[in-house]
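A.B. asks: Just one file: data_15.csv, with CSV, C-alpha atoms and all ligand atoms.
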chain,number,residue,atom,x,y,z
O,1377,MET,CA,-16.8,-77.6,-76.1
O,1378,LYS,CA,-18.6,-79.5,-78.8
O,1379,TYR,CA,-16.9,-82.4,-80.6
O,1380,ARG,CA,-17.4,-83.5,-84.2
O,1381,SER,CA,-16.4,-86.4,-86.4
O,1382,PHE,CA,-13.2,-86.7,-88.4
O,1383,GLY,CA,-13.7,-88.6,-91.6
O,1384,LYS,CA,-13.1,-92.3,-91.1
O,1385,LEU,CA,-11.3,-92.0,-87.8
O,1386,GLU,CA,-12.7,-92.7,-84.4
O,1387,TYR,CA,-11.1,-89.4,-83.2
O,1388,GLN,CA,-13.6,-86.7,-82.3
O,1389,PRO,CA,-12.0,-83.3,-82.8
O,1390,SER,CA,-13.1,-80.2,-80.9
O,1391,ALA,CA,-15.2,-77.9,-83.1
O,1392,LEU,CA,-12.6,-75.3,-82.6
O,1393,GLY,CA,-8.9,-75.9,-83.4
O,1394,PHE,CA,-6.1,-73.7,-82.3
O,1395,GLY,CA,-4.2,-72.2,-85.3
O,1396,ALA,CA,-0.7,-71.0,-84.3
O,1397,MET,CA,-0.2,-68.6,-87.2
O,1398,ARG,CA,-1.2,-65.3,-85.7
O,1399,LEU,CA,0.2,-65.6,-82.2
O,1400,PRO,CA,0.7,-62.4,-80.1
O,1401,VAL,CA,4.0,-60.6,-80.8
O,1402,LEU,CA,6.4,-58.2,-79.1
O,1403,GLY,CA,9.1,-55.8,-80.2
O,1404,ASP,CA,10.6,-54.7,-83.5
O,1405,PRO,CA,11.3,-56.9,-85.4
O,1406,PRO,CA,8.3,-58.7,-83.9
O,1407,ARG,CA,8.9,-61.9,-82.0
O,1408,ILE,CA,6.3,-64.2,-80.5
O,1409,ASP,CA,5.2,-63.1,-77.0
O,1410,GLU,CA,5.9,-66.5,-75.5
O,1411,GLU,CA,4.3,-66.1,-72.1
O,1412,LYS,CA,1.1,-64.8,-73.6
O,1413,ALA,CA,1.0,-67.4,-76.5
O,1414,ILE,CA,1.6,-70.3,-74.1
O,1415,LYS,CA,-1.1,-69.1,-71.8
O,1416,MET,CA,-3.5,-68.9,-74.7
O,1417,ILE,CA,-2.7,-72.5,-75.9
O,1418,HIS,CA,-3.1,-73.8,-72.4
O,1419,ARG,CA,-6.4,-72.0,-71.9
O,1420,SER,CA,-7.7,-73.4,-75.2
O,1421,ILE,CA,-6.8,-76.9,-74.1
O,1422,GLU,CA,-8.4,-76.4,-70.7
O,1423,GLY,CA,-11.5,-75.1,-72.6
O,1424,GLY,CA,-11.7,-78.4,-74.5
O,1425,VAL,CA,-9.6,-77.7,-77.7
O,1426,ASN,CA,-7.9,-81.0,-78.8
O,1427,TYR,CA,-6.4,-80.0,-82.1
O,1428,ILE,CA,-3.4,-77.7,-82.5
O,1429,ASP,CA,-2.3,-76.6,-85.9
O,1430,THR,CA,1.1,-75.1,-86.9
O,1431,ALA,CA,3.4,-75.1,-89.9
O,1432,PHE,CA,7.1,-74.9,-90.8
O,1433,PRO,CA,7.0,-71.2,-92.0
O,1434,TYR,CA,4.5,-69.7,-89.5
O,1435,HIS,CA,6.1,-66.8,-87.6
O,1436,LYS,CA,9.3,-67.3,-89.6
O,1437,GLY,CA,9.8,-70.8,-88.2
O,1438,GLU,CA,9.2,-69.8,-84.6
O,1439,SER,CA,5.6,-71.1,-84.3
O,1440,GLU,CA,6.6,-74.8,-84.2
O,1441,ILE,CA,9.2,-74.0,-81.5
O,1442,LEU,CA,6.6,-72.2,-79.5
O,1443,VAL,CA,4.0,-74.9,-79.9
O,1444,GLY,CA,6.6,-77.5,-78.8
O,1445,LYS,CA,7.2,-75.5,-75.6
O,1446,ALA,CA,3.5,-75.0,-74.9
O,1447,LEU,CA,2.8,-78.8,-75.3
O,1448,LYS,CA,5.7,-80.0,-73.2
O,1449,GLY,CA,4.6,-82.5,-70.6
O,1450,GLN,CA,0.9,-83.3,-69.9
O,1451,TYR,CA,-0.5,-81.1,-72.7
O,1452,ARG,CA,1.0,-83.1,-75.6
O,1453,LYS,CA,-1.1,-86.1,-74.6
O,1454,ARG,CA,-4.3,-84.1,-74.5
O,1455,VAL,CA,-4.2,-82.9,-78.1
O,1456,LYS,CA,-3.6,-84.0,-81.7
O,1457,LEU,CA,-0.8,-82.1,-83.2
O,1458,ALA,CA,-0.9,-81.0,-86.9
O,1459,THR,CA,2.0,-79.5,-88.9
O,1460,LYS,CA,2.9,-79.2,-92.5
O,1461,LEU,CA,5.6,-80.1,-94.9
O,1462,PRO,CA,6.9,-76.9,-96.7
O,1463,SER,CA,6.2,-78.4,-100.1
O,1464,TRP,CA,7.6,-75.4,-102.0
O,1465,LEU,CA,11.0,-76.0,-100.5
O,1466,VAL,CA,11.2,-79.7,-101.5
O,1467,GLU,CA,13.7,-80.2,-104.2
O,1468,ASP,CA,14.7,-83.8,-103.8
O,1469,LYS,CA,13.6,-86.9,-102.0
O,1470,ALA,CA,16.0,-86.4,-99.1
O,1471,ASP,CA,14.2,-83.2,-98.2
O,1472,PHE,CA,11.2,-85.1,-96.9
O,1473,ASP,CA,13.1,-86.6,-94.0
O,1474,LYS,CA,15.1,-83.5,-93.5
O,1475,PHE,CA,12.1,-81.3,-92.9
O,1476,LEU,CA,10.1,-83.9,-90.9
O,1477,ASN,CA,13.0,-84.6,-88.6
O,1478,LYS,CA,13.6,-80.9,-88.1
O,1479,GLN,CA,10.0,-80.4,-87.3
O,1480,LEU,CA,9.9,-83.2,-84.7
O,1481,GLU,CA,12.9,-81.6,-83.0
O,1482,LYS,CA,11.3,-78.2,-83.0
O,1483,LEU,CA,8.0,-79.5,-81.7
O,1484,GLN,CA,9.8,-81.6,-79.0
O,1485,THR,CA,7.8,-84.7,-79.9
O,1486,ASP,CA,8.4,-88.1,-81.6
O,1487,HIS,CA,5.3,-88.0,-83.7
O,1488,ILE,CA,3.0,-85.7,-85.6
O,1489,ASP,CA,-0.6,-86.9,-85.5
O,1490,PHE,CA,-1.7,-85.1,-88.6
O,1491,TYR,CA,0.9,-84.2,-91.2
O,1492,LEU,CA,-0.1,-82.0,-94.2
O,1493,LEU,CA,1.5,-81.3,-97.5
O,1494,HIS,CA,1.3,-77.6,-97.2
O,1495,SER,CA,-0.5,-75.3,-99.6
O,1496,LEU,CA,-0.9,-77.6,-102.6
O,1497,ASP,CA,-1.5,-76.2,-106.0
O,1498,LYS,CA,-1.0,-77.8,-109.4
O,1499,GLU,CA,2.7,-77.2,-109.6
O,1500,LYS,CA,3.5,-78.4,-106.1
O,1501,TRP,CA,1.3,-81.4,-106.5
O,1502,GLN,CA,3.2,-82.4,-109.6
O,1503,ASN,CA,6.5,-81.9,-108.0
O,1504,LEU,CA,5.7,-83.9,-104.9
O,1505,ASN,CA,4.3,-86.7,-107.1
O,1506,ARG,CA,7.4,-86.7,-109.2
O,1507,LEU,CA,9.4,-87.2,-106.0
O,1508,SER,CA,7.1,-90.1,-104.9
O,1509,VAL,CA,5.9,-88.4,-101.8
O,1510,PHE,CA,3.4,-91.1,-100.9
O,1511,SER,CA,5.9,-94.0,-100.7
O,1512,TRP,CA,8.0,-91.7,-98.4
O,1513,ALA,CA,4.9,-90.8,-96.3
O,1514,GLU,CA,3.8,-94.4,-95.9
O,1515,LYS,CA,7.3,-95.3,-94.6
O,1516,ALA,CA,7.1,-92.4,-92.1
O,1517,GLU,CA,3.6,-93.6,-91.1
O,1518,LYS,CA,5.0,-97.1,-90.5
O,1519,ASP,CA,7.9,-95.9,-88.4
O,1520,GLY,CA,5.5,-93.8,-86.4
O,1521,ARG,CA,6.7,-90.3,-87.1
O,1522,ILE,CA,3.5,-89.5,-88.9
O,1523,GLY,CA,0.0,-90.5,-87.7
O,1524,HIS,CA,-2.1,-89.5,-90.8
O,1525,LEU,CA,-1.4,-87.7,-94.0
O,1526,GLY,CA,-3.4,-84.8,-95.5
O,1527,PHE,CA,-2.9,-81.7,-97.5
O,1528,SER,CA,-3.9,-78.0,-97.3
O,1529,PHE,CA,-5.0,-76.4,-100.5
O,1530,HIS,CA,-4.8,-73.2,-102.5
O,1531,ASP,CA,-5.8,-73.5,-106.2
O,1532,GLN,CA,-8.9,-74.0,-108.3
O,1533,TYR,CA,-11.6,-76.6,-107.6
O,1534,GLU,CA,-10.5,-78.8,-110.6
O,1535,VAL,CA,-7.0,-79.2,-109.1
O,1536,PHE,CA,-8.5,-80.0,-105.7
O,1537,LYS,CA,-10.6,-82.8,-107.2
O,1538,GLU,CA,-7.5,-84.1,-109.0
O,1539,ILE,CA,-5.5,-84.2,-105.7
O,1540,VAL,CA,-8.4,-85.8,-103.8
O,1541,ASP,CA,-8.7,-88.5,-106.5
O,1542,GLY,CA,-4.9,-88.8,-106.9
O,1543,TYR,CA,-4.3,-90.8,-103.7
O,1544,ASP,CA,-6.7,-93.2,-102.0
O,1545,LYS,CA,-5.2,-93.1,-98.5
O,1546,TRP,CA,-5.8,-89.4,-97.7
O,1547,THR,CA,-7.2,-89.0,-94.2
O,1548,PHE,CA,-8.0,-85.3,-94.4
O,1549,CYS,CA,-7.6,-82.0,-96.1
O,1550,GLN,CA,-7.6,-78.4,-95.1
O,1551,ILE,CA,-9.4,-75.8,-97.2
O,1552,GLN,CA,-10.3,-72.1,-96.9
O,1553,LEU,CA,-14.0,-71.5,-96.3
O,1554,ASN,CA,-16.2,-68.7,-95.0
O,1555,TYR,CA,-19.4,-67.1,-96.0
O,1556,MET,CA,-17.7,-64.7,-98.4
O,1557,ASP,CA,-15.6,-67.6,-100.0
O,1558,GLU,CA,-18.2,-70.2,-100.7
O,1559,ASP,CA,-17.0,-70.5,-104.3
O,1560,PHE,CA,-13.4,-69.6,-103.8
O,1561,GLN,CA,-10.7,-72.3,-104.5
O,1562,ALA,CA,-12.1,-75.6,-103.3
O,1563,GLY,CA,-15.1,-73.9,-101.8
O,1564,LYS,CA,-18.3,-75.6,-100.8
O,1565,ARG,CA,-18.1,-77.9,-103.8
O,1566,GLY,CA,-14.7,-79.1,-102.5
O,1567,LEU,CA,-16.1,-79.6,-99.0
O,1568,LYS,CA,-18.8,-81.8,-100.2
O,1569,TYR,CA,-16.6,-83.7,-102.6
O,1570,ALA,CA,-13.9,-84.5,-100.1
O,1571,SER,CA,-16.4,-85.4,-97.5
O,1572,GLN,CA,-18.2,-87.8,-99.8
O,1573,LYS,CA,-14.8,-89.5,-100.5
O,1574,GLY,CA,-14.4,-90.1,-96.8
O,1575,LEU,CA,-11.9,-87.3,-96.0
O,1576,ALA,CA,-12.2,-85.2,-92.9
O,1577,VAL,CA,-12.2,-81.5,-93.8
O,1578,VAL,CA,-10.5,-78.9,-91.6
O,1579,VAL,CA,-11.5,-75.3,-92.4
O,1580,MET,CA,-9.0,-72.5,-92.3
O,1581,GLU,CA,-9.7,-68.7,-92.7
O,1582,PRO,CA,-13.2,-68.9,-91.3
O,1583,LEU,CA,-13.0,-65.2,-90.6
O,1584,LYS,CA,-11.1,-64.5,-93.9
O,1585,GLY,CA,-7.9,-63.6,-92.1
O,1586,GLY,CA,-9.8,-61.7,-89.4
O,1587,ARG,CA,-11.5,-59.4,-91.9
O,1588,LEU,CA,-15.0,-60.7,-91.2
O,1589,ALA,CA,-14.6,-59.9,-87.5
O,1590,ASN,CA,-14.6,-56.2,-88.1
O,1591,PRO,CA,-17.0,-55.5,-91.0
O,1592,PRO,CA,-17.8,-52.1,-92.3
O,1593,GLU,CA,-20.6,-50.1,-90.6
O,1594,ALA,CA,-23.2,-51.1,-93.2
O,1595,VAL,CA,-22.6,-54.8,-92.7
O,1596,LYS,CA,-22.3,-54.4,-89.0
O,1597,ASN,CA,-25.8,-52.8,-89.0
O,1598,ILE,CA,-27.3,-55.8,-90.7
O,1599,PHE,CA,-26.0,-58.1,-88.0
O,1600,GLU,CA,-26.9,-55.8,-85.2
O,1601,SER,CA,-30.5,-55.5,-86.4
O,1602,ALA,CA,-30.8,-59.3,-86.3
O,1603,GLY,CA,-30.0,-59.7,-82.6
O,1604,LYS,CA,-27.2,-60.0,-80.1
O,1605,LYS,CA,-24.7,-62.2,-82.0
O,1606,THR,CA,-21.4,-60.6,-83.0
O,1607,PRO,CA,-20.0,-60.7,-86.6
O,1608,VAL,CA,-17.5,-63.4,-85.3
O,1609,ASP,CA,-20.5,-65.5,-84.0
O,1610,TRP,CA,-22.2,-65.2,-87.4
O,1611,ALA,CA,-19.1,-66.1,-89.4
O,1612,LEU,CA,-18.0,-69.1,-87.3
O,1613,GLY,CA,-21.6,-70.3,-86.9
O,1614,TRP,CA,-22.0,-70.4,-90.7
O,1615,VAL,CA,-18.9,-72.7,-91.1
O,1616,TRP,CA,-20.0,-75.0,-88.2
O,1617,SER,CA,-23.5,-75.3,-89.7
O,1618,HIS,CA,-22.0,-77.5,-92.4
O,1619,PRO,CA,-22.1,-81.1,-91.2
O,1620,GLU,CA,-19.2,-82.0,-93.4
O,1621,VAL,CA,-16.8,-79.7,-91.5
O,1622,SER,CA,-14.7,-81.6,-89.0
O,1623,LEU,CA,-13.4,-78.5,-87.2
O,1624,LEU,CA,-12.4,-75.0,-87.9
O,1625,LEU,CA,-9.1,-73.3,-87.2
O,1626,SER,CA,-9.0,-69.9,-85.7
O,1627,GLY,CA,-5.6,-68.1,-85.6
O,1628,MET,CA,-6.1,-66.4,-82.3
O,1629,SER,CA,-3.9,-63.5,-81.2
O,1630,SER,CA,-5.1,-62.7,-77.6
O,1631,LEU,CA,-6.6,-64.4,-74.6
O,1632,ASP,CA,-9.8,-62.4,-75.2
O,1633,GLN,CA,-10.2,-64.0,-78.6
O,1634,VAL,CA,-9.6,-67.4,-77.1
O,1635,GLU,CA,-12.4,-66.8,-74.6
O,1636,GLU,CA,-14.7,-65.5,-77.2
O,1637,ASN,CA,-14.1,-68.4,-79.6
O,1638,LEU,CA,-14.4,-71.0,-76.8
O,1639,ALA,CA,-17.8,-69.5,-75.8
O,1640,ILE,CA,-19.0,-69.5,-79.5
O,1641,ALA,CA,-17.7,-73.0,-80.0
O,1642,ASP,CA,-19.8,-74.2,-77.0
O,1643,ARG,CA,-22.9,-73.1,-78.8
O,1644,SER,CA,-21.9,-74.5,-82.2
O,1645,ALA,CA,-23.8,-77.3,-84.0
O,1646,ALA,CA,-24.2,-78.7,-87.5
O,1647,ASN,CA,-27.4,-77.5,-89.4
O,1648,SER,CA,-27.9,-74.9,-86.7
O,1649,LEU,CA,-28.8,-71.9,-88.9
O,1650,THR,CA,-32.4,-71.1,-89.6
O,1651,GLU,CA,-33.9,-69.8,-92.8
O,1652,ARG,CA,-33.9,-66.4,-91.3
O,1653,ASP,CA,-30.2,-66.7,-90.2
O,1654,LEU,CA,-29.2,-67.7,-93.7
O,1655,LYS,CA,-31.1,-64.7,-95.2
O,1656,ILE,CA,-29.2,-62.3,-92.8
O,1657,ILE,CA,-25.9,-63.8,-93.9
O,1658,LYS,CA,-26.9,-63.5,-97.5
O,1659,LYS,CA,-27.8,-59.8,-96.9
O,1660,ALA,CA,-24.5,-59.2,-95.3
O,1661,LYS,CA,-22.7,-60.9,-98.1
O,1662,GLU,CA,-24.5,-58.8,-100.7
O,1663,LYS,CA,-23.7,-55.7,-98.9
O,1664,TYR,CA,-20.0,-56.6,-98.9
O,1665,LEU,CA,-20.2,-57.4,-102.6
O,1666,SER,CA,-21.8,-54.0,-103.3
O,1667,PHE,CA,-18.4,-52.5,-102.3
O,1668,LYS,CA,-16.5,-54.6,-104.8
O,1669,PRO,CA,-15.0,-52.2,-107.4
O,1670,VAL,CA,-14.2,-54.7,-110.2
O,1671,PRO,CA,-16.7,-57.6,-111.1
O,1672,CYS,CA,-13.8,-59.9,-111.9
O,1673,THR,CA,-14.6,-63.6,-111.5
O,1674,GLY,CA,-11.0,-64.8,-111.7
O,1675,CYS,CA,-11.8,-66.8,-114.9
O,1676,GLU,CA,-8.3,-66.0,-116.3
O,1677,TYR,CA,-9.6,-65.7,-119.9
O,1678,CYS,CA,-7.6,-62.5,-120.2
O,1679,LEU,CA,-4.3,-64.4,-119.6
O,1680,PRO,CA,-1.5,-64.6,-120.6
O,1681,CYS,CA,-0.8,-61.0,-120.8
O,1682,PRO,CA,2.3,-60.3,-123.1
O,1683,GLN,CA,3.8,-58.2,-120.2
O,1684,ALA,CA,3.1,-61.0,-117.7
O,1685,ILE,CA,0.7,-58.8,-115.7
O,1686,ASN,CA,-1.4,-61.1,-113.4
O,1687,ILE,CA,-4.7,-59.3,-114.1
O,1688,PRO,CA,-7.0,-61.5,-112.0
O,1689,LYS,CA,-4.6,-61.5,-109.0
O,1690,ILE,CA,-4.3,-57.7,-109.1
O,1691,PHE,CA,-8.1,-57.4,-109.2
O,1692,GLU,CA,-8.5,-59.9,-106.3
O,1693,ILE,CA,-6.1,-57.8,-104.2
O,1694,TYR,CA,-7.7,-54.5,-105.2
O,1695,ASN,CA,-11.3,-55.8,-104.5
O,1696,ASP,CA,-10.2,-57.2,-101.1
O,1697,ALA,CA,-8.5,-53.9,-100.2
O,1698,VAL,CA,-11.7,-51.9,-101.0
O,1699,MET,CA,-14.2,-54.4,-99.6
O,1700,TYR,CA,-12.4,-55.3,-96.3
O,1701,GLY,CA,-10.2,-52.2,-95.8
O,1702,ASN,CA,-7.0,-54.3,-95.4
O,1703,LEU,CA,-4.8,-51.8,-97.3
O,1704,LYS,CA,-1.5,-52.6,-95.6
O,1705,GLN,CA,-1.6,-56.3,-96.5
O,1706,ALA,CA,-2.9,-55.5,-100.0
O,1707,LYS,CA,0.0,-53.1,-100.7
O,1708,GLU,CA,2.5,-55.8,-99.6
O,1709,GLN,CA,0.9,-58.4,-101.9
O,1710,TYR,CA,0.7,-55.9,-104.8
O,1711,GLN,CA,4.4,-55.1,-104.5
O,1712,ARG,CA,5.3,-58.7,-105.2
O,1713,LEU,CA,3.5,-58.7,-108.6
O,1714,ASN,CA,4.7,-57.5,-111.9
O,1715,GLY,CA,3.9,-53.8,-112.3
O,1716,VAL,CA,0.9,-52.4,-114.1
O,1717,GLU,CA,3.2,-49.6,-115.4
O,1718,ASN,CA,4.5,-52.2,-117.9
O,1719,CYS,CA,1.1,-52.4,-119.6
O,1720,LEU,CA,1.4,-51.8,-123.4
O,1721,LYS,CA,-2.3,-50.8,-123.8
O,1722,CYS,CA,-2.6,-53.5,-126.5
O,1723,PHE,CA,-6.2,-54.2,-125.2
O,1724,ARG,CA,-5.8,-57.9,-125.9
O,1725,CYS,CA,-7.1,-58.7,-122.4
O,1726,GLU,CA,-10.2,-56.5,-122.8
O,1727,LYS,CA,-11.3,-58.3,-126.0
O,1728,LEU,CA,-11.2,-61.6,-124.1
O,1729,CYS,CA,-12.9,-60.6,-120.9
O,1730,PRO,CA,-16.4,-62.1,-120.7
O,1731,GLN,CA,-17.4,-59.6,-118.0
O,1732,GLY,CA,-16.6,-56.6,-120.3
O,1733,ILE,CA,-14.3,-55.1,-117.7
O,1734,LYS,CA,-12.4,-52.1,-118.9
O,1735,ILE,CA,-9.3,-53.8,-117.6
O,1736,THR,CA,-6.7,-51.1,-118.4
O,1737,GLU,CA,-8.7,-48.4,-116.6
O,1738,GLN,CA,-9.3,-50.6,-113.6
O,1739,LEU,CA,-5.7,-51.6,-113.4
O,1740,LYS,CA,-4.7,-48.0,-113.3
O,1741,LYS,CA,-7.2,-47.4,-110.4
O,1742,ALA,CA,-5.8,-50.4,-108.6
O,1743,GLN,CA,-2.3,-49.1,-109.1
O,1744,GLU,CA,-3.3,-45.6,-107.7
O,1745,LEU,CA,-4.6,-47.2,-104.6
O,1746,LEU,CA,-1.9,-49.9,-104.1
O,1747,ALA,CA,1.4,-48.7,-105.5
O,1801,LIG,S1,-3.6,-54.2,-122.3
O,1801,LIG,FE1,-2.0,-54.3,-120.8
O,1801,LIG,S2,-2.7,-55.8,-119.3
O,1801,LIG,FE2,-4.0,-56.0,-121.1
O,1801,LIG,S3,-3.0,-57.7,-122.2
O,1801,LIG,FE3,-2.2,-55.7,-123.0
O,1801,LIG,S4,-0.3,-55.4,-121.8
O,1801,LIG,FE4,-1.5,-56.9,-120.7
O,1802,LIG,S1,-11.1,-62.2,-118.1
O,1802,LIG,FE1,-12.1,-60.6,-117.0
O,1802,LIG,S2,-13.3,-61.6,-115.4
O,1802,LIG,FE2,-11.8,-63.1,-116.2
O,1802,LIG,S3,-10.0,-62.9,-114.9
O,1802,LIG,FE3,-9.7,-61.5,-116.6
O,1802,LIG,S4,-10.5,-59.6,-115.9
O,1802,LIG,FE4,-11.3,-61.1,-114.5
Could you write out this structure as structure tokens?

C.D. replies:
Amino acid sequence: MKYRSFGKLEYQPSALGFGAMRLPVLGDPPRIDEEKAIKMIHRSIEGGVNYIDTAFPYHKGESEILVGKALKGQYRKRVKLATKLPSWLVEDKADFDKFLNKQLEKLQTDHIDFYLLHSLDKEKWQNLNRLSVFSWAEKAEKDGRIGHLGFSFHDQYEVFKEIVDGYDKWTFCQIQLNYMDEDFQAGKRGLKYASQKGLAVVVMEPLKGGRLANPPEAVKNIFESAGKKTPVDWALGWVWSHPEVSLLLSGMSSLDQVEENLAIADRSAANSLTERDLKIIKKAKEKYLSFKPVPCTGCEYCLPCPQAINIPKIFEIYNDAVMYGNLKQAKEQYQRLNGVENCLKCFRCEKLCPQGIKITEQLKKAQELLA
């Protein structure tokens, strides 16, 4: 295993962290396959992993319980444990203690090394600030229940910057980053910004929820023609090549994936990609993008729609479904949105779109695929 740096701390995290959000499951309704999941966590630790990440809602609340069982005894001392406050469920100040104490109980520990405010966006950030989250967190740090405070993030770069600048005692943050999402949400700009401010940066979704592990034939051919490395190797290697990245989290679902990731992590290094490697990744990315049906940039100029149709979100889901073939997940996401059938054909959105997208036509196509 390779070890890296973690912002201002002495701690050296393993390049690979274990993300406990896609554990193996059994039965219907699916429950975590405990025996397999515990074996995977133990194997990861034996292979040098020293950072385990979970969260309150993962596996409908069962992930923290499983991680607690897996880390019982000697394993707890060998790792840093990260979990997250479910910030969207916090309504008043008493909720902070309520959730943290519950999590300590589920995880069978008396302290969380790295505690994150989960999935911050503008709205949650404002709500937590209103409830003085930092004075609460500093008390929890003092009484030893929390080691260090950080946040995970899902919103635009400007909001990310505001959050990084909004508290001067952050130890770390967690952002989505992979070679297809360089400019998505915090993106590479956010990585550099947080790192310059002294925050450690943990990367999630390095394989874009597993999608980059199984690329379409045309993308696979590009990687295959470049040598023996697998698509997973290319994708993880790209993340690790950024020296500002402290570690990446992989949500592993089988022992084979653990072994594969451990082997790739052993070869990982900052600045390891050559000019030729970067060209190959660029080519693969361009190939993916050539499958993108709607050239939407997510600028939101078309909003608000009088029928509250979330146009950029629908295009994001539609593009994702076509580019990565994840139709099942895309349909589930689409179902949660306000329906395209409510469109009035007022064409207000089309007049505002700088990309000249025929929005109503494309929404109809999205609906045909996803409804
Ligand atoms: S055309 Fe449809 S989607 Fe566009 S603004 Fe009007 S109602 Fe909304
Ligand atoms: S204005 Fe056009 S490019 Fe911008 S989010 Fe709307 S559809 Fe996408």

A.B. asks: For ligand LIG 1802 (chain O), list the contacting residues at 7 Å or closer, counting all atoms listed in the file, as a list in words.

C.D. replies: Pro1671, Cys1672, Thr1673, Gly1674, Cys1675, Glu1676, Tyr1677, Cys1678, Leu1679, Ile1687, Pro1688, Cys1725, Leu1728, Cys1729, Pro1730, Gln1731, Gly1732, Ile1733 and Ile1735 of chain O

A.B. asks: Residues within 9 Å of Ala1611 (chain O), please, as a list in words. Count all atoms listed in the file; anything in the same chain fewer than 5 positions from it doesn't count.

C.D. replies: Asn1554, Tyr1555, Pro1582, Leu1583, Leu1588, Ala1589, Thr1606 and Ile1657 of chain O

A.B. asks: Using all atoms listed in the file for the distances, tell me which of O:His1494, O:Ser1420, O:Lys1412, O:Phe1382 is nearest to Phe1432 (chain O).

C.D. replies: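 Checking each candidate against Phe1432 (chain O), we get O:His1494 as the closest.
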
A.B. asks: Which residue, O:Trp1614, O:Phe1691, O:Tyr1427, O:Tyr1700, has the smallest gap to Val1443 (chain O) when you use only C-alpha atoms?

C.D. replies: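 That would be O:Tyr1427, the residue with the smallest distance to Val1443 (chain O).
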
A.B. asks: Would you name the residues within 10 Å of ligand LIG 1801 (chain O), counting all atoms listed in the file, and put them as a ChimeraX atom specification?

C.D. replies: /O:1678-1687,1715-1728,1734-1737,1739

A.B. asks: Mind giving me the straight-line distance from CA of Asn1505 (chain O) to CA of Gln1550 (chain O) in Å, one decimal?

C.D. replies: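 That distance, rounded to one decimal, is 18.8 Å.
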
A.B. asks: Hey, which of O:Leu1507, O:Ile1421, O:Val1401, O:Ala1602 ends up closest to His1435 (chain O)? Count all atoms listed in the file.

C.D. replies: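 Under the stated criterion, the closest residue is O:Val1401.
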
A.B. asks: List as an MDAnalysis selection string the protein and nucleic acid residues near Met1628 (chain O), meaning an atom at most 9 Å away when only C-alpha atoms are counted, but skip any in the same chain fewer than 2 places from it.

C.D. replies: chainID O and resid 1394:1400 1416 1625:1626 1630:1634 1637

A.B. asks: Do you have the CA of Ala1570 (chain O)-CA of Ser1390 (chain O) distance handy?

C.D. replies: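 Going from CA of Ala1570 (chain O) over to CA of Ser1390 (chain O), I get 19.7 Å.
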
A.B. asks: With all atoms listed in the file as the counted atoms, please give the residues lying no more than 9 Å from region 1537-1546 of chain O, apart from itself and same-chain residues fewer than 2 positions off, as JSON, numbers by chain.

C.D. replies: {"O": [1496, 1497, 1498, 1501, 1510, 1524, 1525, 1526, 1527, 1533, 1534, 1535, 1548, 1549, 1562, 1566, 1569, 1570, 1573, 1574, 1575]}

A.B. asks: So, counting all atoms listed in the file, which residue among O:Pro1389, O:Pro1405, O:Gly1423, O:Pro1462 is closest to Ala1639 (chain O)?

C.D. replies: O:Gly1423

A.B. asks: Pick out the closest residue to Lys1596 (chain O) from this set: O:Val1608, O:Met1556, O:Leu1442, O:Ile1417. Count all atoms listed in the file.

C.D. replies: O:Val1608

A.B. asks: Please, what distance in Å, to one decimal, runs between CA of Leu1461 (chain O) and CA of Val1577 (chain O)?

C.D. replies: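 Pair CA of Leu1461 (chain O) / CA of Val1577 (chain O) returns 17.9 Å.
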
A.B. asks: From the options O:Leu1483, O:Ile1598, O:Leu1612, O:Ile1522, which residue's atoms come nearest to Arg1643 (chain O), counting all atoms listed in the file?

C.D. replies: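 The shortest atom-to-atom distance to Arg1643 (chain O) comes from O:Leu1612.
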
A.B. asks: Just the residues within 12 Å of Lys1704 (chain O), please, counting all atoms listed in the file, with nothing from its chain fewer than 3 positions along; format it as a list in words.

C.D. replies: Ile1693, Tyr1694, Asp1696, Ala1697, Val1698, Tyr1700, Gly1701, Lys1707, Glu1708, Gln1709, Tyr1710, Gln1711, Leu1745, Leu1746 and Ala1747 of chain O

A.B. asks: Considering only C-alpha atoms, return as an MDAnalysis selection string whatever protein or nucleic-acid residues lie within 12 Å of region 1464-1476 of chain O, sequence-local ones (same chain, fewer than 3 positions apart) excluded.

C.D. replies: chainID O and resid 1431:1433 1437 1440 1459:1461 1479:1483 1485:1488 1491:1517 1520:1522
